[in-house]
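Next comes structure_26.cif, with mmCIF, C-alpha atoms.
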data_structure
loop_
_atom_site.label_atom_id
_atom_site.label_comp_id
_atom_site.auth_asym_id
_atom_site.auth_seq_id
_atom_site.Cartn_x
_atom_site.Cartn_y
_atom_site.Cartn_z
CA MET A 1 94.69 74.96 67.35
CA LYS A 2 91.77 77.02 68.72
CA ASN A 3 93.57 77.17 72.03
CA ARG A 4 96.77 78.35 70.45
CA SER A 5 94.93 81.16 68.65
CA LEU A 6 93.31 82.22 71.91
CA TRP A 7 96.67 82.42 73.67
CA LEU A 8 98.25 84.31 70.79
CA VAL A 9 95.48 86.93 70.95
CA VAL A 10 95.86 87.19 74.73
CA ALA A 11 99.63 87.69 74.32
CA ALA A 12 99.10 90.39 71.67
CA LEU A 13 96.63 92.22 73.93
CA ALA A 14 99.05 91.99 76.86
CA ILE A 15 101.83 93.55 74.77
CA ILE A 16 99.55 96.44 73.78
CA ALA A 17 98.16 96.97 77.28
CA ALA A 18 101.50 96.72 79.12
CA PRO A 19 102.64 100.34 78.58
CA LEU A 20 99.28 101.57 79.91
CA VAL A 21 99.26 99.59 83.14
CA ILE A 22 102.91 99.09 84.12
CA PRO A 23 104.04 102.05 86.22
CA GLY A 24 107.17 103.77 84.99
CA LEU A 25 106.49 102.95 81.37
CA GLY A 26 104.68 105.21 79.00
CA GLY A 27 104.18 108.94 78.82
CA GLU A 28 101.89 111.18 76.85
CA PHE A 29 101.16 108.57 74.16
CA LYS A 30 101.18 111.10 71.37
CA GLY A 31 101.27 109.84 67.80
CA ALA A 32 104.76 109.00 66.52
CA ASP A 33 103.83 110.64 63.21
CA ASP A 34 103.27 113.95 65.00
CA ARG A 35 106.49 113.52 66.97
CA GLY A 36 108.30 112.97 63.68
CA SER A 37 106.88 116.22 62.32
CA GLU A 38 107.91 117.98 65.55
CA ALA A 39 111.45 116.62 65.24
CA ILE A 40 111.60 118.12 61.74
CA SER A 41 110.38 121.47 63.03
CA ASP A 42 112.99 121.33 65.82
CA ALA A 43 115.80 120.49 63.38
CA ARG A 44 114.64 123.12 60.88
CA PRO A 45 113.14 125.97 62.89
CA GLY A 46 110.62 127.90 60.85
CA TYR A 47 109.93 124.96 58.50
CA LYS A 48 106.52 125.37 56.92
CA PRO A 49 104.93 122.38 55.18
CA TRP A 50 104.61 123.41 51.54
CA PHE A 51 101.32 121.65 51.00
CA GLU A 52 98.24 121.38 53.20
CA PRO A 53 95.79 118.46 53.30
CA LEU A 54 92.91 119.12 50.89
CA TRP A 55 90.41 118.30 53.63
CA LYS A 56 90.83 117.91 57.35
CA PRO A 57 88.35 116.33 59.74
CA PRO A 58 86.85 119.36 61.50
CA SER A 59 87.40 117.90 64.98
CA GLY A 60 89.15 115.12 66.86
CA GLU A 61 85.79 113.37 67.25
CA VAL A 62 85.18 113.27 63.51
CA GLU A 63 88.74 112.03 62.95
CA THR A 64 88.30 109.27 65.56
CA GLY A 65 85.03 108.31 63.92
CA LEU A 66 86.70 107.97 60.52
CA PHE A 67 89.48 105.82 61.99
CA ALA A 68 86.81 103.67 63.65
CA LEU A 69 84.98 103.42 60.32
CA GLN A 70 88.18 102.27 58.63
CA ALA A 71 88.72 99.59 61.27
CA ALA A 72 85.08 98.52 61.13
CA ILE A 73 85.07 98.08 57.34
CA GLY A 74 88.28 96.05 57.51
CA ALA A 75 87.22 93.90 60.46
CA GLY A 76 83.81 93.29 58.92
CA LEU A 77 85.33 92.05 55.70
CA VAL A 78 87.91 89.81 57.43
CA GLY A 79 85.13 88.37 59.61
CA TYR A 80 82.93 87.76 56.58
CA VAL A 81 85.64 85.79 54.76
CA ILE A 82 86.54 83.72 57.84
CA GLY A 83 82.87 83.04 58.56
CA ARG A 84 82.16 82.01 55.00
CA ARG A 85 85.09 79.62 55.08
CA ALA A 86 83.90 78.06 58.34
CA GLY A 87 80.39 77.71 56.89
CA GLN A 88 81.69 75.93 53.81
CA LYS A 89 83.60 73.46 55.97
CA ASN A 90 80.45 72.68 57.94
CA VAL A 91 78.51 71.99 54.76
CA ALA A 92 81.29 69.74 53.46
CA HIS A 93 81.24 67.55 56.56
CA MET B 1 105.05 105.67 59.51
CA HIS B 2 103.00 108.37 57.84
CA ILE B 3 105.09 111.29 56.74
CA MET B 4 102.67 114.19 57.07
CA GLU B 5 101.46 116.29 54.15
CA GLY B 6 104.05 118.80 52.91
CA PHE B 7 106.79 117.49 55.21
CA LEU B 8 109.12 116.22 52.48
CA PRO B 9 111.12 118.61 50.27
CA VAL B 10 109.74 118.73 46.72
CA GLY B 11 112.70 116.85 45.22
CA HIS B 12 112.35 113.99 47.72
CA ALA B 13 108.57 113.83 47.28
CA VAL B 14 108.95 113.52 43.50
CA GLY B 15 111.82 111.04 43.85
CA TRP B 16 109.79 108.64 46.03
CA PHE B 17 106.89 108.85 43.56
CA VAL B 18 109.23 107.86 40.74
CA ILE B 19 110.66 104.95 42.75
CA SER B 20 107.26 103.67 43.94
CA SER B 21 105.31 103.96 40.68
CA PRO B 22 106.72 100.88 38.88
CA PHE B 23 105.95 98.69 41.91
CA VAL B 24 102.35 99.91 42.02
CA ILE B 25 101.90 99.45 38.26
CA ALA B 26 103.39 95.92 38.42
CA GLY B 27 101.10 95.26 41.39
CA CYS B 28 98.02 96.36 39.40
CA LEU B 29 98.93 93.93 36.62
CA SER B 30 99.50 91.00 38.96
CA THR B 31 96.33 91.80 40.94
CA ARG B 32 94.33 91.79 37.70
CA LYS B 33 95.90 88.49 36.73
CA ILE B 34 95.00 86.90 40.08
CA LEU B 35 91.42 88.20 39.91
CA ARG B 36 91.00 86.83 36.39
CA GLU B 37 92.74 83.49 36.70
CA ARG B 38 91.96 82.48 40.27
CA PRO B 39 88.43 83.58 41.13
CA GLU B 40 88.48 81.37 44.24
CA ALA B 41 91.26 83.56 45.65
CA ARG B 42 89.23 86.78 45.40
CA LEU B 43 87.86 86.58 48.92
CA ASN B 44 91.32 85.96 50.36
CA LEU B 45 92.67 88.92 48.44
CA ALA B 46 89.86 91.03 49.91
CA ALA B 47 90.63 89.68 53.38
CA SER B 48 94.34 90.51 52.97
CA GLY B 49 93.51 94.11 52.07
CA ALA B 50 90.91 94.32 54.83
CA PHE B 51 93.38 93.04 57.45
CA ALA B 52 95.80 95.83 56.52
CA PHE B 53 92.86 98.26 56.55
CA VAL B 54 91.96 97.37 60.16
CA LEU B 55 95.46 97.24 61.56
CA SER B 56 96.61 100.50 59.98
CA ALA B 57 93.63 102.27 61.59
CA LEU B 58 94.50 101.11 65.11
CA LYS B 59 96.91 103.40 66.91
CA MET B 60 98.32 101.58 69.89
CA PRO B 61 100.42 102.67 72.84
CA SER B 62 104.03 101.57 73.03
CA VAL B 63 106.68 101.40 75.73
CA THR B 64 108.31 104.59 74.47
CA GLY B 65 105.26 106.61 75.50
CA SER B 66 103.97 107.31 72.03
CA CYS B 67 101.44 105.67 69.78
CA THR B 68 101.85 104.05 66.38
CA HIS B 69 99.86 101.63 64.30
CA PRO B 70 100.73 98.24 62.83
CA THR B 71 100.65 97.93 59.05
CA GLY B 72 99.02 94.52 58.47
CA VAL B 73 100.65 94.05 55.06
CA GLY B 74 102.53 90.87 56.00
CA LEU B 75 99.47 88.59 55.72
CA GLY B 76 98.79 89.40 52.08
CA ALA B 77 102.49 89.41 51.21
CA VAL B 78 102.90 85.86 52.53
CA ILE B 79 99.75 84.56 50.76
CA PHE B 80 99.95 86.40 47.44
CA GLY B 81 103.49 87.75 47.24
CA PRO B 82 104.54 91.36 47.71
CA SER B 83 103.36 92.99 44.51
CA VAL B 84 99.60 92.92 45.19
CA MET B 85 100.23 94.62 48.54
CA ALA B 86 101.69 97.64 46.72
CA VAL B 87 98.20 98.20 45.29
CA LEU B 88 96.22 97.43 48.45
CA GLY B 89 98.60 99.53 50.57
CA THR B 90 98.29 102.47 48.17
CA ILE B 91 94.49 102.34 48.42
CA ILE B 92 94.71 102.41 52.23
CA LEU B 93 97.18 105.31 52.25
CA LEU B 94 95.00 107.27 49.80
CA PHE B 95 91.94 106.72 52.00
CA GLN B 96 93.84 108.04 55.02
CA ALA B 97 95.38 110.99 53.14
CA LEU B 98 92.08 112.15 51.66
CA LEU B 99 89.59 111.42 54.45
CA ILE B 100 91.56 111.57 57.69
CA ALA B 101 94.32 114.04 56.76
CA HIS B 102 96.76 111.35 57.88
CA GLY B 103 99.83 111.14 55.68
CA GLY B 104 99.39 113.15 52.51
CA LEU B 105 99.25 113.34 48.75
CA THR B 106 102.70 114.93 48.38
CA THR B 107 104.19 112.29 50.70
CA LEU B 108 102.17 109.42 49.18
CA GLY B 109 105.12 108.15 47.13
CA ALA B 110 107.34 107.94 50.21
CA ASN B 111 104.63 106.37 52.40
CA VAL B 112 103.74 103.83 49.71
CA PHE B 113 107.42 102.92 49.47
CA SER B 114 107.74 102.22 53.20
CA MET B 115 104.38 100.54 53.94
CA ALA B 116 103.31 99.03 50.62
CA ILE B 117 106.66 98.08 49.09
CA VAL B 118 109.48 97.59 51.64
CA GLY B 119 107.23 96.02 54.31
CA PRO B 120 105.65 93.42 52.00
CA TRP B 121 108.97 92.58 50.30
CA VAL B 122 110.71 92.03 53.64
CA SER B 123 107.77 89.87 54.80
CA TYR B 124 107.75 87.83 51.62
CA GLY B 125 111.55 87.43 51.47
CA LEU B 126 111.70 86.30 55.08
CA TRP B 127 108.77 83.90 54.59
CA ARG B 128 110.49 82.23 51.64
CA LEU B 129 113.86 82.14 53.42
CA LEU B 130 112.48 80.58 56.61
CA GLN B 131 110.41 78.09 54.62
CA SER B 132 113.52 77.03 52.71
CA PHE B 133 115.20 76.31 56.05
CA GLY B 134 112.25 74.15 57.05
CA VAL B 135 111.05 76.48 59.83
CA SER B 136 107.42 75.82 60.83
CA VAL B 137 104.69 77.76 59.05
CA ALA B 138 103.47 79.53 62.19
CA VAL B 139 106.95 80.75 63.17
CA SER B 140 107.69 81.84 59.59
CA VAL B 141 104.42 83.78 59.35
CA PHE B 142 105.09 85.41 62.71
CA ALA B 143 108.62 86.51 61.78
CA ALA B 144 107.58 87.66 58.30
CA ALA B 145 104.75 89.82 59.61
CA ALA B 146 106.65 91.25 62.59
CA LEU B 147 109.83 92.17 60.71
CA GLY B 148 107.90 93.43 57.67
CA ASP B 149 106.04 95.79 60.01
CA LEU B 150 109.27 96.95 61.65
CA SER B 151 111.05 97.44 58.30
CA THR B 152 108.35 99.92 57.27
CA TYR B 153 109.14 102.13 60.25
CA VAL B 154 112.90 101.83 59.72
CA THR B 155 112.29 102.95 56.12
CA THR B 156 110.34 106.00 57.29
CA ALA B 157 113.27 106.92 59.56
CA VAL B 158 115.69 106.53 56.62
CA GLN B 159 113.49 108.68 54.38
CA LEU B 160 113.29 111.48 56.94
CA SER B 161 117.00 111.38 57.74
CA LEU B 162 117.82 111.65 54.01
CA ALA B 163 115.54 114.69 53.78
CA TYR B 164 116.63 116.26 57.05
CA PRO B 165 120.24 115.32 57.86
CA ASP B 166 121.48 116.62 61.18
CA ALA B 167 123.59 119.80 60.96
CA GLU B 168 126.45 118.17 62.89
CA SER B 169 126.06 114.41 62.73
CA GLY B 170 124.68 114.24 59.19
CA VAL B 171 122.34 111.57 57.84
CA VAL B 172 123.48 108.95 60.37
CA GLY B 173 122.83 111.22 63.34
CA ALA B 174 119.42 112.14 61.95
CA PHE B 175 118.64 108.44 61.41
CA VAL B 176 119.39 107.65 65.05
CA LYS B 177 116.97 110.41 66.06
CA PHE B 178 114.15 109.45 63.71
CA ALA B 179 114.63 105.72 64.34
CA SER B 180 114.24 106.35 68.07
CA ILE B 181 110.87 107.96 67.34
CA TYR B 182 109.57 105.46 64.81
CA ALA B 183 111.38 102.14 64.89
CA VAL B 184 111.91 101.67 68.65
CA THR B 185 108.27 102.55 69.33
CA GLN B 186 107.26 99.97 66.78
CA ILE B 187 109.05 96.94 68.24
CA PRO B 188 106.30 95.76 70.65
CA LEU B 189 103.60 96.51 68.08
CA ALA B 190 105.47 94.53 65.44
CA ILE B 191 105.53 91.52 67.79
CA ALA B 192 101.79 91.91 68.43
CA GLU B 193 101.13 92.14 64.70
CA GLY B 194 103.16 88.97 64.12
CA LEU B 195 101.04 87.08 66.68
CA LEU B 196 97.77 88.38 65.22
CA THR B 197 98.82 87.52 61.68
CA VAL B 198 99.38 83.89 62.75
CA VAL B 199 95.87 83.83 64.27
CA VAL B 200 94.20 85.27 61.15
CA MET B 201 96.21 83.00 58.85
CA ASN B 202 94.99 80.03 60.93
CA ALA B 203 91.42 81.23 60.76
CA LEU B 204 91.56 81.77 57.00
CA SER B 205 93.14 78.43 56.18
CA GLY B 206 91.53 76.29 58.87
CA SER B 207 95.00 75.50 60.17
CA ALA B 208 98.07 77.13 58.74
CA GLY B 209 100.11 74.09 59.68
CA LYS B 210 101.14 73.21 56.16
CA PRO B 211 102.62 75.47 53.47
CA ASP B 212 100.09 73.89 51.06
CA GLU B 213 97.29 75.54 52.98
CA ILE B 214 98.72 78.93 52.13
CA ALA B 215 99.14 78.05 48.45
CA ILE B 216 95.44 77.07 48.50
CA LEU B 217 94.56 80.50 49.96
CA ALA B 218 96.37 82.15 47.06
CA GLY B 219 94.45 79.96 44.63
CA GLU B 220 97.72 78.47 43.34
CA VAL B 221 96.76 74.98 44.44
CA ARG B 222 93.19 73.82 44.11
CA GLN B 223 91.49 71.85 46.84
#

Can you turn what I pasted into structure tokens?
Amino acid sequence: MKNRSLWLVVAALAIIAAPLVIPGLGGEFKGADDRGSEAISDARPGYKPWFEPLWKPPSGEVETGLFALQAAIGAGLVGYVIGRRAGQKNVAH
Amino acid sequence: MHIMEGFLPVGHAVGWFVISSPFVIAGCLSTRKILRERPEARLNLAASGAFAFVLSALKMPSVTGSCTHPTGVGLGAVIFGPSVMAVLGTIILLFQALLIAHGGLTTLGANVFSMAIVGPWVSYGLWRLLQSFGVSVAVSVFAAAALGDLSTYVTTAVQLSLAYPDAESGVVGAFVKFASIYAVTQIPLAIAEGLLTVVVMNALSGSAGKPDEIAILAGEVRQ
């Protein structure tokens, strides 16, 4: 079971890394959400969003940091629950 | 799958709020019920939300040359059913709209519908269907998570093509365009999310080899 999990993680990483390392694949790697917004602007030239975000991260660095924070909180919590479960099993045995 | 702030016409923005609200309210009620009646499931509920929190923060490259993120809502939908994910997904989308300027408040209804409602319902429906055919737990979890993820991005493409039909080819033509941006990009990521969901489900349950294990995670069956 442990082995299977390991191979599944390796396969997932390979799928994510493939576009970066295989020549001929890939491109600018812009966000699809931004490309969606661009497609709207192309289809409706002069379209102005009618509402602006209340607050924007002042720079790309701050934005990246907040995304990292989001991932860290989530990963920490998932790890805590899995670790707790493993600990309980050890005590039971 | 995030439709950016102010990028949906007012009528559409309001419409998606109206459609999404009952699901979120029903989700609040069923979340409260789970928290009250099955205290042993609290940690798994937290882990389900946290898994979606991590995955939706990770923007990954895809073969189409752009980046998207998985949604991570399939795990919780399989364990607890789709309605709690409407609540957890809304919390995540609010966090991103308010703190990262990703998605938006005016487009929250539409984004909740795609990520927190359609995705979890497709995951849950597929999980139940495959289980009824006797498909193994691991394969069912994989398919539920992967296709739930993909369905979210197809929904975003539908929402945008309804709002911005092509001048010549109409809604269908616009859907082909938006689907090529969102859904095609998402295919490899959806597969990766399916694999990861199987791993985390295994880790949470010890071994997700038996459907019972997943009912135990939800607190429906006591150990």

Counting all atoms listed in the file, which of B:Ala41, B:Met60, B:Ile34, B:Leu99 gets nearest to Pro57 of chain A? B:Leu99

Shell around segment 32-44 of chain A at 10 Å using all atoms listed in the file, local window under 4 positions removed, as a count of residues only: 39

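Candidate residues B:Ala86, B:Ala116, B:Val176, B:Val135 were compared for distance to chain A, and the nearest is B:Val176, using all atoms listed in the file.
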
Sorted per-residue table, chain A near chain B, closest atoms and distance, 7 Å, all atoms listed in the file, as JSON lines:
{"residue": "A:Ser5", "atom": "CA", "partner": "B:Val199", "partner_atom": "CA", "distance": 5.2}
{"residue": "A:Leu8", "atom": "CA", "partner": "B:Leu195", "partner_atom": "CA", "distance": 5.7}
{"residue": "A:Val9", "atom": "CA", "partner": "B:Leu196", "partner_atom": "CA", "distance": 6.3}
{"residue": "A:Ala12", "atom": "CA", "partner": "B:Ala192", "partner_atom": "CA", "distance": 4.5}
{"residue": "A:Ile15", "atom": "CA", "partner": "B:Pro188", "partner_atom": "CA", "distance": 6.5}
{"residue": "A:Ile16", "atom": "CA", "partner": "B:Pro61", "partner_atom": "CA", "distance": 6.4}
{"residue": "A:Pro19", "atom": "CA", "partner": "B:Val63", "partner_atom": "CA", "distance": 5.1}
{"residue": "A:Leu25", "atom": "CA", "partner": "B:Val63", "partner_atom": "CA", "distance": 5.9}
{"residue": "A:Gly26", "atom": "CA", "partner": "B:Gly65", "partner_atom": "CA", "distance": 3.8}
{"residue": "A:Gly27", "atom": "CA", "partner": "B:Gly65", "partner_atom": "CA", "distance": 4.2}
{"residue": "A:Glu28", "atom": "CA", "partner": "B:Gly65", "partner_atom": "CA", "distance": 5.8}
{"residue": "A:Phe29", "atom": "CA", "partner": "B:Ser66", "partner_atom": "CA", "distance": 3.7}
{"residue": "A:Lys30", "atom": "CA", "partner": "B:Ser66", "partner_atom": "CA", "distance": 4.8}
{"residue": "A:Gly31", "atom": "CA", "partner": "B:Cys67", "partner_atom": "CA", "distance": 4.6}
{"residue": "A:Ala32", "atom": "CA", "partner": "B:Cys67", "partner_atom": "CA", "distance": 5.7}
{"residue": "A:Asp33", "atom": "CA", "partner": "B:His2", "partner_atom": "CA", "distance": 5.9}
{"residue": "A:Gly36", "atom": "CA", "partner": "B:Ile181", "partner_atom": "CA", "distance": 6.7}
{"residue": "A:Pro49", "atom": "CA", "partner": "B:Gly6", "partner_atom": "CA", "distance": 4.3}
{"residue": "A:Trp50", "atom": "CA", "partner": "B:Gly6", "partner_atom": "CA", "distance": 4.8}
{"residue": "A:Phe51", "atom": "CA", "partner": "B:Gly6", "partner_atom": "CA", "distance": 4.4}
{"residue": "A:Glu52", "atom": "CA", "partner": "B:Glu5", "partner_atom": "CA", "distance": 6.1}
{"residue": "A:Pro53", "atom": "CA", "partner": "B:Ala101", "partner_atom": "CA", "distance": 5.8}
{"residue": "A:Trp55", "atom": "CA", "partner": "B:Ala101", "partner_atom": "CA", "distance": 6.6}
{"residue": "A:Lys56", "atom": "CA", "partner": "B:Ala101", "partner_atom": "CA", "distance": 5.2}
{"residue": "A:Pro57", "atom": "CA", "partner": "B:Ile100", "partner_atom": "CA", "distance": 6.1}
{"residue": "A:Glu63", "atom": "CA", "partner": "B:Ile100", "partner_atom": "CA", "distance": 6.0}
{"residue": "A:Leu66", "atom": "CA", "partner": "B:Ile100", "partner_atom": "CA", "distance": 6.7}
{"residue": "A:Phe67", "atom": "CA", "partner": "B:Ala57", "partner_atom": "CA", "distance": 5.5}
{"residue": "A:Gln70", "atom": "CA", "partner": "B:Ala57", "partner_atom": "CA", "distance": 6.2}
{"residue": "A:Ala71", "atom": "CA", "partner": "B:Val54", "partner_atom": "CA", "distance": 4.1}
{"residue": "A:Gly74", "atom": "CA", "partner": "B:Ala50", "partner_atom": "CA", "distance": 4.1}
{"residue": "A:Ala75", "atom": "CA", "partner": "B:Val54", "partner_atom": "CA", "distance": 5.9}
{"residue": "A:Leu77", "atom": "CA", "partner": "B:Ala50", "partner_atom": "CA", "distance": 6.1}
{"residue": "A:Val78", "atom": "CA", "partner": "B:Ala47", "partner_atom": "CA", "distance": 4.9}
{"residue": "A:Val81", "atom": "CA", "partner": "B:Leu43", "partner_atom": "CA", "distance": 6.3}
{"residue": "A:Ile82", "atom": "CA", "partner": "B:Leu204", "partner_atom": "CA", "distance": 5.5}

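Picture a line from atom CA of Ile73 of chain A to atom CA of Pro70 of chain B; it runs 16.6 Å.
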
What are the centre and edge lengths in Å, to one decimal, of the axis-aligned box around all listed atoms of segment 49-59 of chain B with 3 Å added on each side, as JSON?
{"center_x": 93.9, "center_y": 98.2, "center_z": 59.5, "size_x": 12.0, "size_y": 16.4, "size_z": 20.8}
